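Colleague: I am attaching a structure below and will ask some questions about it afterwards.
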Amino acid sequence: MSDAWVVFDGVVKPYGGATPLTVPRLSIGPVDRLVLSGLDAGAAEMFTHLLTGAALPETGRVSVFGQDTRAIRTDTEWLTSLDRFGLVSNRAVLLDQSSIAANLALPFTLANPPAMMNTSSTTTCLRPRL
């Protein structure tokens, strides 16, 4: 059994570029980090879609944590599989004073705000006095 968490094997996927995205072999283990560079935006986005199972390769195989992404059958399985990823894109706003984990958790924190407090007793009129 492989120690790799992510395996791309013979992957080919058209994405609208001049040539399809082609990844002959890529293996990422538990201590590896991956930075995509040198790809156009469409190829980088397609790579991310293949990695997360949002898209399937035309040929080849993508395996994440031992599971072929073709085996994901339901939206619940797919959303559960995303819990293992921490993706940062050029669209992300990173806070310098926060840790990597805090920056990755920020979108989830904003999507689930704490219960609203009753602020009616502290409402103040901000109109200037005439």
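Following the order of the structure tokens, first chain is A, next is B, and so on, with residues numbered from 1 inside each chain and ligands from 1 in the order they appear.
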Which neighbours of Gly16 (chain A) fall inside 12 Å, counting only C-alpha atoms, when residues of the same chain fewer than 5 positions from it are skipped, and could you give them as number ranges by chain?
Modeller: A: 21, 40-43, 45-46
Colleague: List as a PyMOL selection string the protein and nucleic acid residues near region 59-71 of chain A, meaning an atom at most 9 Å away when only C-alpha atoms are counted, but skip any in the same chain fewer than 3 places from it.
Modeller: chain A and resi 2+4-13+23-24+50-56+78+81
Colleague: What is the CA of Thr48 (chain A) to CA of Asp3 (chain A) distance in Å?
Modeller: 21.0 Å
Colleague: Work out how far apart CA of Arg84 (chain A) and CA of Ser98 (chain A) are and give it in Å to one decimal.
Modeller: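 If I compute the distance from CA of Arg84 (chain A) to CA of Ser98 (chain A), I get 20.3 Å.
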Colleague: From the set A:Thr22, A:Tyr15, A:Ser27, A:Arg33, which residue has the shortest atom-to-atom contact distance to His49 (chain A), counting only C-alpha atoms?
Modeller: A:Tyr15
Colleague: CA of Glu58 (chain A) to CA of Thr76 (chain A): how many Å, to one decimal?
Modeller: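 It comes out at 23.3 Å.
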